[in-house]
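Reproduced below: upload_32.pdb, with PDB, C-alpha atoms, pLDDT in the B column.
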```pdb
ATOM      1  CA  MET L   1      -8.100   3.753 -20.059  1.00 60.00           C
ATOM      2  CA  ARG L   2      -7.900   7.460 -19.200  1.00 59.00           C
ATOM      3  CA  THR L   3     -11.698   7.617 -19.097  1.00 60.00           C
ATOM      4  CA  ILE L   4     -11.842   4.730 -16.644  1.00 58.00           C
ATOM      5  CA  LEU L   5      -9.142   6.319 -14.490  1.00 56.00           C
ATOM      6  CA  VAL L   6     -10.944   9.661 -14.408  1.00 56.00           C
ATOM      7  CA  LEU L   7     -14.269   8.015 -13.521  1.00 55.00           C
ATOM      8  CA  LEU L   8     -12.677   5.956 -10.745  1.00 57.00           C
ATOM      9  CA  LEU L   9     -10.899   8.988  -9.333  1.00 55.00           C
ATOM     10  CA  VAL L  10     -14.031  11.127  -9.359  1.00 53.00           C
ATOM     11  CA  PHE L  11     -15.960   8.269  -7.768  1.00 54.00           C
ATOM     12  CA  SER L  12     -13.281   7.680  -5.136  1.00 51.00           C
ATOM     13  CA  PHE L  13     -13.269  11.326  -3.997  1.00 49.00           C
ATOM     14  CA  GLN L  14     -16.984  11.120  -3.321  1.00 49.00           C
ATOM     15  CA  LEU L  15     -16.621   8.196  -0.942  1.00 54.00           C
ATOM     16  CA  LYS L  16     -14.632   7.784   2.236  1.00 60.00           C
ATOM     17  CA  ALA L  17     -11.338   6.229   1.243  1.00 64.00           C
ATOM     18  CA  GLU L  18      -8.187   5.344   3.114  1.00 89.00           C
ATOM     19  CA  TYR L  19      -4.611   4.679   2.068  1.00 90.00           C
ATOM     20  CA  LEU L  20      -2.991   1.268   2.187  1.00 92.00           C
ATOM     21  CA  ILE L  21       0.410   2.941   2.409  1.00 92.00           C
ATOM     22  CA  SER L  22       0.901   6.699   2.704  1.00 92.00           C
ATOM     23  CA  ASN L  23       3.837   8.934   1.857  1.00 91.00           C
ATOM     24  CA  SER L  24       4.475   9.344   5.588  1.00 90.00           C
ATOM     25  CA  ASP L  25       4.658   5.533   5.908  1.00 90.00           C
ATOM     26  CA  VAL L  26       7.303   5.497   3.172  1.00 90.00           C
ATOM     27  CA  ALA L  27       9.202   8.354   4.820  1.00 87.00           C
ATOM     28  CA  SER L  28       9.307   6.437   8.096  1.00 86.00           C
ATOM     29  CA  ILE L  29      11.365   3.593   6.585  1.00 84.00           C
ATOM     30  CA  LEU L  30      13.486   5.518   4.043  1.00 77.00           C
ATOM     31  CA  PRO L  31      16.142   6.987   6.389  1.00 61.00           C
ATOM     32  CA  SER L  32      18.011   3.692   6.785  1.00 57.00           C
ATOM     33  CA  LEU L  33      17.883   3.132   3.019  1.00 54.00           C
ATOM     34  CA  ASN L  34      19.188   6.639   2.303  1.00 57.00           C
ATOM     35  CA  ALA L  35      22.064   6.032   4.717  1.00 56.00           C
ATOM     36  CA  GLY L  36      23.181   3.161   2.477  1.00 57.00           C
ATOM     37  CA  THR L  37      22.220   0.376   4.818  1.00 58.00           C
ATOM     38  CA  PRO L  38      19.644  -2.266   3.895  1.00 54.00           C
ATOM     39  CA  SER L  39      16.364  -1.596   5.611  1.00 54.00           C
ATOM     40  CA  THR L  40      14.867  -4.165   7.900  1.00 57.00           C
ATOM     41  CA  ASP L  41      12.107  -1.761   8.779  1.00 76.00           C
ATOM     42  CA  MET L  42       8.686  -2.979   7.822  1.00 86.00           C
ATOM     43  CA  ILE L  43       5.293  -1.421   8.235  1.00 91.00           C
ATOM     44  CA  ARG L  44       2.613  -3.764   9.534  1.00 92.00           C
ATOM     45  CA  LYS L  45      -1.032  -2.748   9.602  1.00 93.00           C
ATOM     46  CA  ASN L  46      -4.288  -4.456  10.368  1.00 95.00           C
ATOM     47  CA  VAL L  47      -6.907  -3.112   8.014  1.00 94.00           C
ATOM     48  CA  GLU L  48     -10.638  -3.669   8.325  1.00 95.00           C
ATOM     49  CA  ILE L  49     -11.965  -4.252   4.811  1.00 96.00           C
ATOM     50  CA  GLY L  50     -15.511  -5.288   5.676  1.00 95.00           C
ATOM     51  CA  LYS L  51     -17.787  -6.366   8.466  1.00 90.00           C
ATOM     52  CA  ASP L  52     -15.773  -8.764  10.628  1.00 91.00           C
ATOM     53  CA  VAL L  53     -13.031  -9.009   7.965  1.00 95.00           C
ATOM     54  CA  THR L  54      -9.577  -7.700   8.828  1.00 96.00           C
ATOM     55  CA  ILE L  55      -6.419  -8.301   6.838  1.00 94.00           C
ATOM     56  CA  GLN L  56      -2.812  -7.758   7.838  1.00 93.00           C
ATOM     57  CA  ILE L  57      -0.527  -6.037   5.371  1.00 92.00           C
ATOM     58  CA  GLU L  58       3.238  -5.712   5.491  1.00 91.00           C
ATOM     59  CA  PHE L  59       5.182  -3.155   3.485  1.00 92.00           C
ATOM     60  CA  ALA L  60       8.937  -2.836   3.083  1.00 88.00           C
ATOM     61  CA  ILE L  61      11.284  -1.189   0.608  1.00 88.00           C
ATOM     62  CA  SER L  62      14.287  -3.081  -0.736  1.00 85.00           C
ATOM     63  CA  SER L  63      17.770  -1.587  -0.974  1.00 80.00           C
ATOM     64  CA  LYS L  64      17.172  -1.252  -4.738  1.00 83.00           C
ATOM     65  CA  GLY L  65      14.183   1.007  -4.156  1.00 85.00           C
ATOM     66  CA  ASN L  66      11.252  -1.351  -4.766  1.00 88.00           C
ATOM     67  CA  GLY L  67       8.458  -1.823  -2.256  1.00 91.00           C
ATOM     68  CA  GLY L  68       5.388  -3.980  -2.103  1.00 92.00           C
ATOM     69  CA  ILE L  69       2.680  -5.605  -0.036  1.00 93.00           C
ATOM     70  CA  GLU L  70       1.039  -9.005   0.190  1.00 92.00           C
ATOM     71  CA  LEU L  71      -2.747  -9.333   0.160  1.00 93.00           C
ATOM     72  CA  PRO L  72      -5.155 -12.274   0.461  1.00 93.00           C
ATOM     73  CA  GLY L  73      -4.865 -14.124  -2.869  1.00 93.00           C
ATOM     74  CA  ILE L  74      -1.997 -11.948  -4.063  1.00 92.00           C
ATOM     75  CA  PHE L  75       1.627 -12.770  -3.356  1.00 90.00           C
ATOM     76  CA  LEU L  76       2.962  -9.298  -4.126  1.00 93.00           C
ATOM     77  CA  VAL L  77       1.749  -5.912  -5.323  1.00 94.00           C
ATOM     78  CA  ARG L  78       4.567  -3.509  -6.153  1.00 93.00           C
ATOM     79  CA  LEU L  79       3.346  -0.132  -4.848  1.00 94.00           C
ATOM     80  CA  TYR L  80       6.672   1.657  -4.682  1.00 94.00           C
ATOM     81  CA  ASP L  81       9.424   1.888  -7.289  1.00 91.00           C
ATOM     82  CA  LYS L  82      12.261   4.413  -7.393  1.00 87.00           C
ATOM     83  CA  HIS L  83      14.704   1.983  -9.064  1.00 78.00           C
ATOM     84  CA  ASP L  84      15.225   3.015 -12.684  1.00 70.00           C
ATOM     85  CA  ASP L  85      15.308  -0.370 -14.394  1.00 77.00           C
ATOM     86  CA  LEU L  86      13.328   0.342 -17.584  1.00 82.00           C
ATOM     87  CA  SER L  87      10.484   1.889 -15.587  1.00 87.00           C
ATOM     88  CA  TYR L  88       9.769   3.432 -12.205  1.00 89.00           C
ATOM     89  CA  PHE L  89       6.885   5.319 -10.629  1.00 93.00           C
ATOM     90  CA  LYS L  90       7.166   9.083 -11.039  1.00 93.00           C
ATOM     91  CA  ASN L  91       6.548   9.873  -7.374  1.00 90.00           C
ATOM     92  CA  GLY L  92       7.911   6.590  -6.039  1.00 92.00           C
ATOM     93  CA  LEU L  93       4.668   5.548  -4.389  1.00 95.00           C
ATOM     94  CA  LEU L  94       1.584   4.773  -6.441  1.00 96.00           C
ATOM     95  CA  ASN L  95      -1.571   6.496  -5.303  1.00 96.00           C
ATOM     96  CA  ASN L  96      -3.436   3.790  -3.446  1.00 96.00           C
ATOM     97  CA  GLU L  97      -6.833   3.630  -1.811  1.00 95.00           C
ATOM     98  CA  LEU L  98      -8.960   1.108  -0.014  1.00 95.00           C
ATOM     99  CA  ILE L  99     -12.458   1.914  -1.186  1.00 94.00           C
ATOM    100  CA  ASP L 100     -15.678   0.007  -1.755  1.00 94.00           C
ATOM    101  CA  LEU L 101     -15.976   0.450  -5.515  1.00 93.00           C
ATOM    102  CA  ASN L 102     -18.817  -2.025  -6.105  1.00 94.00           C
ATOM    103  CA  SER L 103     -20.914  -1.256  -2.995  1.00 94.00           C
ATOM    104  CA  ASP L 104     -20.752  -4.828  -1.669  1.00 96.00           C
ATOM    105  CA  GLY L 105     -19.602  -3.768   1.816  1.00 96.00           C
ATOM    106  CA  TYR L 106     -15.943  -4.759   1.267  1.00 97.00           C
ATOM    107  CA  LYS L 107     -13.064  -2.421   0.477  1.00 96.00           C
ATOM    108  CA  ASP L 108     -11.477  -2.873  -2.907  1.00 97.00           C
ATOM    109  CA  ILE L 109      -8.092  -1.473  -3.916  1.00 96.00           C
ATOM    110  CA  LEU L 110      -7.456   1.248  -6.459  1.00 96.00           C
ATOM    111  CA  LEU L 111      -3.861   1.948  -7.559  1.00 97.00           C
ATOM    112  CA  TRP L 112      -2.875   4.673 -10.011  1.00 96.00           C
ATOM    113  CA  GLY L 113       0.028   6.877 -10.979  1.00 96.00           C
ATOM    114  CA  THR L 114       2.568   7.601 -13.677  1.00 96.00           C
ATOM    115  CA  ALA L 115       5.305   5.224 -14.802  1.00 94.00           C
ATOM    116  CA  VAL L 116       8.452   6.705 -16.330  1.00 94.00           C
ATOM    117  CA  LYS L 117       9.876   4.382 -18.975  1.00 91.00           C
ATOM    118  CA  SER L 118      13.408   4.162 -20.352  1.00 85.00           C
ATOM    119  CA  ASP L 119      15.229   2.051 -22.923  1.00 85.00           C
ATOM    120  CA  ASP L 120      18.078  -0.410 -22.300  1.00 83.00           C
ATOM    121  CA  GLU L 121      20.604   2.438 -22.444  1.00 83.00           C
ATOM    122  CA  GLY L 122      18.745   4.417 -19.774  1.00 78.00           C
ATOM    123  CA  ASN L 123      17.293   7.028 -22.117  1.00 83.00           C
ATOM    124  CA  ASN L 124      13.902   8.338 -21.041  1.00 81.00           C
ATOM    125  CA  ILE L 125      11.271   7.268 -23.577  1.00 88.00           C
ATOM    126  CA  GLY L 126       8.235   8.802 -21.915  1.00 91.00           C
ATOM    127  CA  GLU L 127       5.582   8.567 -19.259  1.00 94.00           C
ATOM    128  CA  VAL L 128       2.455   6.411 -19.207  1.00 93.00           C
ATOM    129  CA  SER L 129      -0.546   6.245 -16.904  1.00 95.00           C
ATOM    130  CA  ALA L 130      -0.647   3.176 -14.695  1.00 95.00           C
ATOM    131  CA  LEU L 131      -3.823   1.781 -13.146  1.00 96.00           C
ATOM    132  CA  ALA L 132      -4.835  -1.343 -11.251  1.00 97.00           C
ATOM    133  CA  VAL L 133      -8.159  -2.272  -9.685  1.00 97.00           C
ATOM    134  CA  LEU L 134      -8.310  -5.172  -7.220  1.00 97.00           C
ATOM    135  CA  VAL L 135     -11.729  -6.317  -6.054  1.00 97.00           C
ATOM    136  CA  TYR L 136     -12.279  -8.278  -2.851  1.00 97.00           C
ATOM    137  CA  SER L 137     -14.288 -11.485  -3.270  1.00 96.00           C
ATOM    138  CA  PRO L 138     -16.090 -12.272   0.013  1.00 95.00           C
ATOM    139  CA  LYS L 139     -16.981 -15.724  -1.324  1.00 95.00           C
ATOM    140  CA  ASP L 140     -13.341 -16.661  -2.005  1.00 95.00           C
ATOM    141  CA  LYS L 141     -11.875 -14.364   0.697  1.00 95.00           C
ATOM    142  CA  ILE L 142      -9.231 -13.030  -1.686  1.00 95.00           C
ATOM    143  CA  TYR L 143      -8.506 -10.044  -3.889  1.00 96.00           C
ATOM    144  CA  LYS L 144      -8.914 -10.528  -7.622  1.00 96.00           C
ATOM    145  CA  ILE L 145      -7.442  -8.409 -10.394  1.00 96.00           C
ATOM    146  CA  LEU L 146     -10.192  -6.586 -12.252  1.00 96.00           C
ATOM    147  CA  ARG L 147      -7.854  -4.416 -14.339  1.00 95.00           C
ATOM    148  CA  LYS L 148      -4.087  -3.895 -14.416  1.00 95.00           C
ATOM    149  CA  SER L 149      -1.582  -1.889 -16.455  1.00 95.00           C
ATOM    150  CA  GLU L 150       1.583  -3.733 -17.419  1.00 92.00           C
ATOM    151  CA  GLU L 151       3.675  -1.218 -15.435  1.00 92.00           C
ATOM    152  CA  ILE L 152       2.194  -2.404 -12.125  1.00 94.00           C
ATOM    153  CA  ASP L 153       3.597  -5.756 -11.050  1.00 93.00           C
ATOM    154  CA  ILE L 154       1.050  -7.991  -9.335  1.00 94.00           C
ATOM    155  CA  TYR L 155       1.887 -11.619  -8.611  1.00 93.00           C
ATOM    156  CA  THR L 156      -0.977 -13.891  -7.567  1.00 89.00           C
ATOM    157  CA  ASN L 157      -0.777 -17.003  -5.399  1.00 77.00           C
ATOM    158  CA  GLU L 158      -2.182 -19.123  -8.218  1.00 70.00           C
TER
END
```
What do you get writing this file as structure tokens?
Amino acid sequence: MRTILVLLLVFSFQLKAEYLISNSDVASILPSLNAGTPSTDMIRKNVEIGKDVTIQIEFAISSKGNGGIELPGIFLVRLYDKHDDLSYFKNGLLNNELIDLNSDGYKDILLWGTAVKSDDEGNNIGEVSALAVLVYSPKDKIYKILRKSEEIDIYTNE
């Protein structure tokens, strides 16, 4: 899996990529959460993923410190996790890019980062690499999971 991650990262730096959600996006909705009040702030973006294909994404962070987005064909992708409930993402937000990985003219999604795992008593048991690759299917007009680590929660509409 490390080899695949390294190859995808090297490949992604060579192409023009853009973030689904950036650290500055997260910072813009965290103040109300840090003040102890539930956040109703949500980030909405229209993202062009191919010729004449635009999707709308919405991102919010719960009071427990989990955040996710909905995509065509996918009910929820958890991109953000600072809630230590057996695992969380080391930097909170997974690295995330919209990038055409298969050169079909449509932007796919690459997610990667480090998950910190703990046992039922809250003892740290280590860190593992997390990776997910979602490929857009122009025929079906949805994203499909090509590869996914167990630490990244992705719930499909099926």
Spatial sel., origin (8.1, 6.1, -22.7), limit 12 Å, only C-alpha atoms, listed as a ChimeraX atom specification
/L:86-88,114-120,122-129,151
Would you kindly translate the PyMOL selection byres ((chain L and resi 67) around 8) into the concrete residues it picks from this file, as a PDB file with C-alpha atoms, keeping the file's coordinate frame?
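File produced: selection22.pdb:
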```pdb
ATOM      1  CA  PHE L  59       5.182  -3.155   3.485  1.00 92.00           C
ATOM      2  CA  ALA L  60       8.937  -2.836   3.083  1.00 88.00           C
ATOM      3  CA  ILE L  61      11.284  -1.189   0.608  1.00 88.00           C
ATOM      4  CA  SER L  62      14.287  -3.081  -0.736  1.00 85.00           C
ATOM      5  CA  GLY L  65      14.183   1.007  -4.156  1.00 85.00           C
ATOM      6  CA  ASN L  66      11.252  -1.351  -4.766  1.00 88.00           C
ATOM      7  CA  GLY L  68       5.388  -3.980  -2.103  1.00 92.00           C
ATOM      8  CA  ILE L  69       2.680  -5.605  -0.036  1.00 93.00           C
ATOM      9  CA  ARG L  78       4.567  -3.509  -6.153  1.00 93.00           C
ATOM     10  CA  LEU L  79       3.346  -0.132  -4.848  1.00 94.00           C
ATOM     11  CA  TYR L  80       6.672   1.657  -4.682  1.00 94.00           C
ATOM     12  CA  ASP L  81       9.424   1.888  -7.289  1.00 91.00           C
TER      13      ASP L  81
END
```
Non-local contacts of Lys107 in chain L (10 Å; all atoms listed in the file; under 2 positions in same chain excluded) as a CSV table (one decimal) with C-alpha atoms, keeping the file's coordinate frame:
```csv
chain,number,residue,atom,x,y,z
L,17,ALA,CA,-11.3,6.2,1.2
L,18,GLU,CA,-8.2,5.3,3.1
L,47,VAL,CA,-6.9,-3.1,8.0
L,48,GLU,CA,-10.6,-3.7,8.3
L,49,ILE,CA,-12.0,-4.3,4.8
L,50,GLY,CA,-15.5,-5.3,5.7
L,53,VAL,CA,-13.0,-9.0,8.0
L,97,GLU,CA,-6.8,3.6,-1.8
L,98,LEU,CA,-9.0,1.1,0.0
L,99,ILE,CA,-12.5,1.9,-1.2
L,100,ASP,CA,-15.7,0.0,-1.8
L,101,LEU,CA,-16.0,0.4,-5.5
L,102,ASN,CA,-18.8,-2.0,-6.1
L,103,SER,CA,-20.9,-1.3,-3.0
L,104,ASP,CA,-20.8,-4.8,-1.7
L,105,GLY,CA,-19.6,-3.8,1.8
L,109,ILE,CA,-8.1,-1.5,-3.9
L,110,LEU,CA,-7.5,1.2,-6.5
L,134,LEU,CA,-8.3,-5.2,-7.2
L,135,VAL,CA,-11.7,-6.3,-6.1
L,136,TYR,CA,-12.3,-8.3,-2.9
L,137,SER,CA,-14.3,-11.5,-3.3
L,143,TYR,CA,-8.5,-10.0,-3.9
```
What is the distance, in Å and to one decimal place, between CA of Asp25 in chain L and CA of Glu158 in chain L?
29.2 Å
So for range 17-28 of chain L, what box centre and size do we get, axis-aligned, 5 Å extra on each of the six sides, every listed atom, Å to one decimal, as AutoDock Vina command-line options?
```
--center_x -1.0 --center_y 5.3 --center_z 4.7 --size_x 30.6 --size_y 18.1 --size_z 16.9
```
Once the PyMOL selection byres ((chain L and resi 58) around 10) has been applied to the shown file, what residues remain in the selection, as a short mmCIF file (atom, residue, chain, number, x, y, z; two decimals) with C-alpha atoms, keeping the file's coordinate frame?
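This is the output file expr-v4.cif:
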```cif
data_model
loop_
_atom_site.label_atom_id
_atom_site.label_comp_id
_atom_site.auth_asym_id
_atom_site.auth_seq_id
_atom_site.Cartn_x
_atom_site.Cartn_y
_atom_site.Cartn_z
CA LEU L 20 -2.99 1.27 2.19
CA ILE L 21 0.41 2.94 2.41
CA MET L 42 8.69 -2.98 7.82
CA ILE L 43 5.29 -1.42 8.24
CA ARG L 44 2.61 -3.76 9.53
CA LYS L 45 -1.03 -2.75 9.60
CA ASN L 46 -4.29 -4.46 10.37
CA GLN L 56 -2.81 -7.76 7.84
CA ILE L 57 -0.53 -6.04 5.37
CA PHE L 59 5.18 -3.16 3.48
CA ALA L 60 8.94 -2.84 3.08
CA GLY L 68 5.39 -3.98 -2.10
CA ILE L 69 2.68 -5.60 -0.04
CA GLU L 70 1.04 -9.01 0.19
CA LEU L 71 -2.75 -9.33 0.16
#
```
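Among the candidate residues L:Val133, L:Ile29, L:Leu111, L:Leu76, the one lying nearest to Leu93 in chain L is L:Leu111, with distances computed using only C-alpha atoms.
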Given all atoms listed in the file as the basis, pick out the residue of L:Thr54, L:Ser149, L:Thr156, L:Ser22 nearest to Asn91 in chain L.
L:Ser22
Suppose a student applies the PyMOL selection byres ((chain L and resi 154) around 6) to this structure; what residues should they get, written as JSON, numbers by chain?
{"L": [76, 77, 153, 155]}
Could I see range 117-128 of chain L restored to all heavy atoms, set down as a tab-separated table (two decimals), in the coordinates of the input?
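Listing of selection35.tsv after writing:
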```
chain	number	residue	atom	x	y	z
L	117	LYS	N	9.25	5.49	-18.27
L	117	LYS	CA	9.88	4.38	-18.98
L	117	LYS	C	11.18	4.82	-19.63
L	117	LYS	O	11.32	5.97	-20.04
L	117	LYS	CB	8.92	3.81	-20.02
L	117	LYS	CG	7.62	3.30	-19.38
L	117	LYS	CD	6.68	2.71	-20.37
L	117	LYS	CE	6.98	1.33	-20.74
L	117	LYS	NZ	6.58	0.23	-20.00
L	118	SER	N	12.14	3.89	-19.68
L	118	SER	CA	13.41	4.16	-20.35
L	118	SER	C	13.81	2.95	-21.17
L	118	SER	O	13.30	1.84	-20.96
L	118	SER	CB	14.49	4.52	-19.33
L	118	SER	OG	14.66	3.49	-18.39
L	119	ASP	N	14.75	3.17	-22.09
L	119	ASP	CA	15.23	2.05	-22.92
L	119	ASP	C	16.40	1.37	-22.23
L	119	ASP	O	16.80	1.75	-21.12
L	119	ASP	CB	15.58	2.52	-24.34
L	119	ASP	CG	16.70	3.54	-24.38
L	119	ASP	OD1	17.47	3.66	-23.40
L	119	ASP	OD2	16.81	4.24	-25.40
L	120	ASP	N	16.98	0.36	-22.88
L	120	ASP	CA	18.08	-0.41	-22.30
L	120	ASP	C	19.32	0.43	-21.99
L	120	ASP	O	20.12	0.07	-21.13
L	120	ASP	CB	18.47	-1.56	-23.23
L	120	ASP	CG	17.39	-2.64	-23.30
L	120	ASP	OD1	16.63	-2.77	-22.32
L	120	ASP	OD2	17.31	-3.33	-24.33
L	121	GLU	N	19.46	1.55	-22.69
L	121	GLU	CA	20.60	2.44	-22.44
L	121	GLU	C	20.32	3.48	-21.37
L	121	GLU	O	21.15	4.32	-21.06
L	121	GLU	CB	21.02	3.15	-23.75
L	121	GLU	CG	21.71	2.23	-24.75
L	121	GLU	CD	20.71	1.38	-25.54
L	121	GLU	OE1	19.63	1.89	-25.89
L	121	GLU	OE2	21.02	0.20	-25.76
L	122	GLY	N	19.12	3.47	-20.82
L	122	GLY	CA	18.74	4.42	-19.77
L	122	GLY	C	18.18	5.73	-20.27
L	122	GLY	O	17.98	6.65	-19.49
L	123	ASN	N	17.89	5.81	-21.56
L	123	ASN	CA	17.29	7.03	-22.12
L	123	ASN	C	15.80	7.05	-21.83
L	123	ASN	O	15.11	6.06	-22.07
L	123	ASN	CB	17.51	7.09	-23.64
L	123	ASN	CG	18.98	7.09	-23.99
L	123	ASN	OD1	19.76	7.85	-23.44
L	123	ASN	ND2	19.36	6.22	-24.91
L	124	ASN	N	15.32	8.19	-21.34
L	124	ASN	CA	13.90	8.34	-21.04
L	124	ASN	C	13.10	8.27	-22.34
L	124	ASN	O	13.38	9.00	-23.28
L	124	ASN	CB	13.68	9.67	-20.33
L	124	ASN	CG	12.25	9.87	-19.88
L	124	ASN	OD1	11.30	9.50	-20.58
L	124	ASN	ND2	12.08	10.46	-18.72
L	125	ILE	N	12.11	7.38	-22.37
L	125	ILE	CA	11.27	7.27	-23.58
L	125	ILE	C	9.83	7.70	-23.33
L	125	ILE	O	8.98	7.54	-24.20
L	125	ILE	CB	11.32	5.85	-24.19
L	125	ILE	CG1	10.90	4.79	-23.18
L	125	ILE	CG2	12.70	5.55	-24.75
L	125	ILE	CD1	10.80	3.39	-23.76
L	126	GLY	N	9.56	8.24	-22.15
L	126	GLY	CA	8.24	8.80	-21.92
L	126	GLY	C	7.57	8.33	-20.64
L	126	GLY	O	8.10	7.51	-19.89
L	127	GLU	N	6.39	8.88	-20.44
L	127	GLU	CA	5.58	8.57	-19.26
L	127	GLU	C	4.26	7.97	-19.71
L	127	GLU	O	3.73	8.35	-20.75
L	127	GLU	CB	5.30	9.83	-18.44
L	127	GLU	CG	6.55	10.47	-17.89
L	127	GLU	CD	6.26	11.73	-17.08
L	127	GLU	OE1	5.09	12.18	-17.02
L	127	GLU	OE2	7.21	12.26	-16.48
L	128	VAL	N	3.76	7.01	-18.92
L	128	VAL	CA	2.46	6.41	-19.21
L	128	VAL	C	1.65	6.33	-17.92
L	128	VAL	O	2.20	6.21	-16.83
L	128	VAL	CB	2.58	4.99	-19.83
L	128	VAL	CG1	3.25	5.05	-21.18
L	128	VAL	CG2	3.32	4.04	-18.91
```
